[in-house]
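> Sending over a structure as structure tokens; questions will come in a sec.
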Amino acid sequence: TFASTPGEHRLVVILLRGGMDGLGVVAPYADPDFAALRGKLPLGGEDGYSDLNGFYAAHPALSPLASMWAAENLGFIQAVSTPYRDKRSHFDGQDILEAGIADLSSGHSRDGWLNRMLQHMPGHGTDTAYAVGNDPLMLLDGAAPVSRWSPDADLALSPQALRLARLVMQDDPAMAQALEQAFDFAASDGDPVAIDGGAAEMMSIMQQDMKAARATGAETRIAEFAANRLRADARVAAFSLNGWDTHNNQGRTLGRALDRLSQTLLSLQKELRGPVWDRTTVIAMTEFGRTARINGTGGTDHGTGGAMILAGGAIRGGRVHGDWPGLAEVDLYAGRDLMPTADVRSHAGWIIHHMFGIPRSVIARDIFPGVDLGSDPGLLL
């Protein structure tokens, strides 16, 4: 059932699967030990890093977001991580990130922290939150109802079949409403649900949608759908972007992943323009960072401390947040990784506290069990 919407703030959570290299994304080039670990950073020019504040510089693939940074709608948080340590498994790291718990043996439920958040938001319904894309999202698993949409899901019916479906459902309000929602989703890609051309044309349209979902640029379609829902009754959307595992040839791999992220954020900004964008916060988070040193194949291995990326009109952007630990040998975690100085859960906790008014005690007890929220980092306006 549809319910009254819980406030006017919008939250988008993007999972960057594979372990994003925070040192490569927002590089602390002015740290005296950075060059020894990563080499001299190319600054400026078409292919160089862009200086942010005299200490950090942004990867060249983020250059399309320069205007977003200038408008203070883009920000970063350095030296963060989940409580996960040492084993460096993508599967466990992502489970802990999505569950919002300290470890997988703690006995806590394996539902998602976003779903637990929804359970404390008055007036939420099936249209309040959307899990978007093909990847399973434990982040939104749990007791609270959510809606799910994948870019390769579609409907194509003859006008007669469409009319018949509506007649069959007309005496059941819940089913009739669900059917209309399905038709609305199917038409959101611009293709009509009712097709006069027969079975061959219907099959062709659905095959084209499946190819588009697997093709480069599918993340833009996901962002556009999420924005479409957020302009209406939805207040929460989540999806994932893959391709952040940069063991080999990181220069190329990381650039491609950041280009996809840049296009995703630009699509969200374009589609959520105006007052909706002004009340939107986007959190892009990853399961762990990468090693401080480049390996023998020009890549980085699984690490610990990394970075979060924030976007939206509601954030305090145009700055890099976080406590920088340094890159000297003695400052590295286990002598190999960026030392985390904050828990990603505490930053996410403060964001949802300010956005949705959920008490800090509830966040530390139910949403991120056992988290130490610490002092307010001032991430939102």
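Naming scheme: A, B, ... for chains in displayed order of the structure tokens; residues 1 onward per chain; ligands 1 onward as shown.
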Select from range 238-291 of chain A everything DSSP, run on the backbone, classes as strand (DSSP E), then give the selection as a PDB file with all heavy atoms, in the first residue's frame.

ATOM      1  N   ALA A 238      18.639   2.971  -3.443  1.00  0.00           N
ATOM      2  CA  ALA A 238      19.966   2.371  -3.313  1.00  0.00           C
ATOM      3  C   ALA A 238      20.258   1.540  -4.547  1.00  0.00           C
ATOM      4  O   ALA A 238      19.377   0.884  -5.103  1.00  0.00           O
ATOM      5  CB  ALA A 238      20.052   1.503  -2.057  1.00  0.00           C
ATOM      6  N   PHE A 239      21.508   1.574  -4.992  1.00  0.00           N
ATOM      7  CA  PHE A 239      21.964   0.716  -6.074  1.00  0.00           C
ATOM      8  C   PHE A 239      23.467   0.567  -5.964  1.00  0.00           C
ATOM      9  O   PHE A 239      24.115   1.200  -5.109  1.00  0.00           O
ATOM     10  CB  PHE A 239      21.545   1.256  -7.454  1.00  0.00           C
ATOM     11  CG  PHE A 239      21.953   2.674  -7.734  1.00  0.00           C
ATOM     12  CD1 PHE A 239      23.170   2.976  -8.332  1.00  0.00           C
ATOM     13  CD2 PHE A 239      21.101   3.730  -7.427  1.00  0.00           C
ATOM     14  CE1 PHE A 239      23.540   4.284  -8.615  1.00  0.00           C
ATOM     15  CE2 PHE A 239      21.452   5.051  -7.697  1.00  0.00           C
ATOM     16  CZ  PHE A 239      22.679   5.326  -8.300  1.00  0.00           C
ATOM     17  N   SER A 240      24.041  -0.287  -6.791  1.00  0.00           N
ATOM     18  CA  SER A 240      25.479  -0.536  -6.703  1.00  0.00           C
ATOM     19  C   SER A 240      26.137  -0.307  -8.055  1.00  0.00           C
ATOM     20  O   SER A 240      25.499  -0.437  -9.108  1.00  0.00           O
ATOM     21  CB  SER A 240      25.755  -1.955  -6.209  1.00  0.00           C
ATOM     22  OG  SER A 240      25.204  -2.924  -7.078  1.00  0.00           O
ATOM     23  N   LEU A 241      27.411   0.053  -8.002  1.00  0.00           N
ATOM     24  CA  LEU A 241      28.253   0.174  -9.185  1.00  0.00           C
ATOM     25  C   LEU A 241      29.456  -0.748  -8.991  1.00  0.00           C
ATOM     26  O   LEU A 241      30.140  -0.668  -7.962  1.00  0.00           O
ATOM     27  CB  LEU A 241      28.732   1.615  -9.376  1.00  0.00           C
ATOM     28  CG  LEU A 241      27.659   2.684  -9.635  1.00  0.00           C
ATOM     29  CD1 LEU A 241      28.304   4.056  -9.759  1.00  0.00           C
ATOM     30  CD2 LEU A 241      26.853   2.366 -10.889  1.00  0.00           C
ATOM     31  N   THR A 280      18.548  16.615  -1.331  1.00  0.00           N
ATOM     32  CA  THR A 280      19.061  15.272  -1.593  1.00  0.00           C
ATOM     33  C   THR A 280      20.482  15.115  -1.068  1.00  0.00           C
ATOM     34  O   THR A 280      21.314  16.013  -1.220  1.00  0.00           O
ATOM     35  CB  THR A 280      19.043  14.984  -3.107  1.00  0.00           C
ATOM     36  OG1 THR A 280      17.681  14.950  -3.557  1.00  0.00           O
ATOM     37  CG2 THR A 280      19.696  13.646  -3.418  1.00  0.00           C
ATOM     38  N   THR A 281      20.744  13.952  -0.469  1.00  0.00           N
ATOM     39  CA  THR A 281      22.092  13.561  -0.068  1.00  0.00           C
ATOM     40  C   THR A 281      22.417  12.226  -0.719  1.00  0.00           C
ATOM     41  O   THR A 281      21.638  11.273  -0.617  1.00  0.00           O
ATOM     42  CB  THR A 281      22.212  13.415   1.456  1.00  0.00           C
ATOM     43  OG1 THR A 281      21.922  14.661   2.076  1.00  0.00           O
ATOM     44  CG2 THR A 281      23.614  12.952   1.855  1.00  0.00           C
ATOM     45  N   VAL A 282      23.552  12.169  -1.396  1.00  0.00           N
ATOM     46  CA  VAL A 282      24.037  10.933  -2.017  1.00  0.00           C
ATOM     47  C   VAL A 282      25.273  10.483  -1.244  1.00  0.00           C
ATOM     48  O   VAL A 282      26.202  11.279  -1.044  1.00  0.00           O
ATOM     49  CB  VAL A 282      24.398  11.139  -3.496  1.00  0.00           C
ATOM     50  CG1 VAL A 282      24.837   9.814  -4.127  1.00  0.00           C
ATOM     51  CG2 VAL A 282      23.215  11.724  -4.267  1.00  0.00           C
ATOM     52  N   ILE A 283      25.272   9.231  -0.810  1.00  0.00           N
ATOM     53  CA  ILE A 283      26.428   8.631  -0.141  1.00  0.00           C
ATOM     54  C   ILE A 283      26.947   7.508  -1.029  1.00  0.00           C
ATOM     55  O   ILE A 283      26.212   6.573  -1.334  1.00  0.00           O
ATOM     56  CB  ILE A 283      26.067   8.034   1.227  1.00  0.00           C
ATOM     57  CG1 ILE A 283      25.376   9.053   2.127  1.00  0.00           C
ATOM     58  CG2 ILE A 283      27.306   7.459   1.902  1.00  0.00           C
ATOM     59  CD1 ILE A 283      24.873   8.448   3.436  1.00  0.00           C
ATOM     60  N   ALA A 284      28.202   7.598  -1.450  1.00  0.00           N
ATOM     61  CA  ALA A 284      28.853   6.504  -2.184  1.00  0.00           C
ATOM     62  C   ALA A 284      29.890   5.894  -1.256  1.00  0.00           C
ATOM     63  O   ALA A 284      30.812   6.580  -0.796  1.00  0.00           O
ATOM     64  CB  ALA A 284      29.498   7.019  -3.466  1.00  0.00           C
ATOM     65  N   MET A 285      29.741   4.600  -0.971  1.00  0.00           N
ATOM     66  CA  MET A 285      30.588   3.945   0.012  1.00  0.00           C
ATOM     67  C   MET A 285      31.054   2.581  -0.503  1.00  0.00           C
ATOM     68  O   MET A 285      30.405   1.979  -1.360  1.00  0.00           O
ATOM     69  CB  MET A 285      29.847   3.806   1.354  1.00  0.00           C
ATOM     70  CG  MET A 285      28.537   3.091   1.253  1.00  0.00           C
ATOM     71  SD  MET A 285      27.317   3.488   2.566  1.00  0.00           S
ATOM     72  CE  MET A 285      28.259   3.493   4.061  1.00  0.00           C
ATOM     73  N   THR A 286      32.178   2.118   0.016  1.00  0.00           N
ATOM     74  CA  THR A 286      32.794   0.884  -0.465  1.00  0.00           C
ATOM     75  C   THR A 286      33.186   0.004   0.706  1.00  0.00           C
ATOM     76  O   THR A 286      33.253   0.475   1.848  1.00  0.00           O
ATOM     77  CB  THR A 286      34.013   1.219  -1.346  1.00  0.00           C
ATOM     78  OG1 THR A 286      34.458   0.062  -2.033  1.00  0.00           O
ATOM     79  CG2 THR A 286      35.155   1.794  -0.519  1.00  0.00           C
TER      80      THR A 286
END
> Mind checking DSSP for range 210-364 of chain A and telling me the alpha helix (DSSP H) residues as a VMD selection string?
chain A and resid 210 to 214 218 to 230 250 to 271 275 to 278 344 to 356 360 to 362
> Which distance in Å separates CA of Arg365 in chain A and CA of Arg110 in chain A, to one decimal?
14.9 Å
> From the list A:Ala144, A:Leu62, A:Leu265, A:Met175, which residue is nearest His124 in chain A when using only C-alpha atoms?
A:Ala144
> Calculated over only C-alpha atoms, which of the candidates A:Ala176, A:Leu338, A:Leu74, A:Ile363 has the smallest distance to Gly326 in chain A?
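Result for the nearest residue to Gly326 in chain A: A:Leu338.
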> Nearest to Asp233 in chain A: which of A:Gly125, A:Pro173, A:Gly312, A:Gly296 is it, counting only C-alpha atoms?
A:Gly125
> Nearest to Ala342 in chain A among A:Asp372, A:Glu46, A:Asp51, A:Asp171, with distances taken over only C-alpha atoms: which residue is it?
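For Ala342 in chain A, the nearest of the given residues is A:Asp372.
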> Need the shell around His302 in chain A: protein/DNA/RNA residues with any atom at most 9 Å away, counting only C-alpha atoms. Skip same-chain ones fewer than 6 positions apart. Format as a PyMOL selection string?
chain A and resi 18-19+21+88-90+245-247+288-291+337
> Rank nothing, just name the residue among A:Ala57, A:Tyr130, A:Ser81, A:Asp111 nearest to Val236 in chain A, using only C-alpha atoms.
A:Tyr130
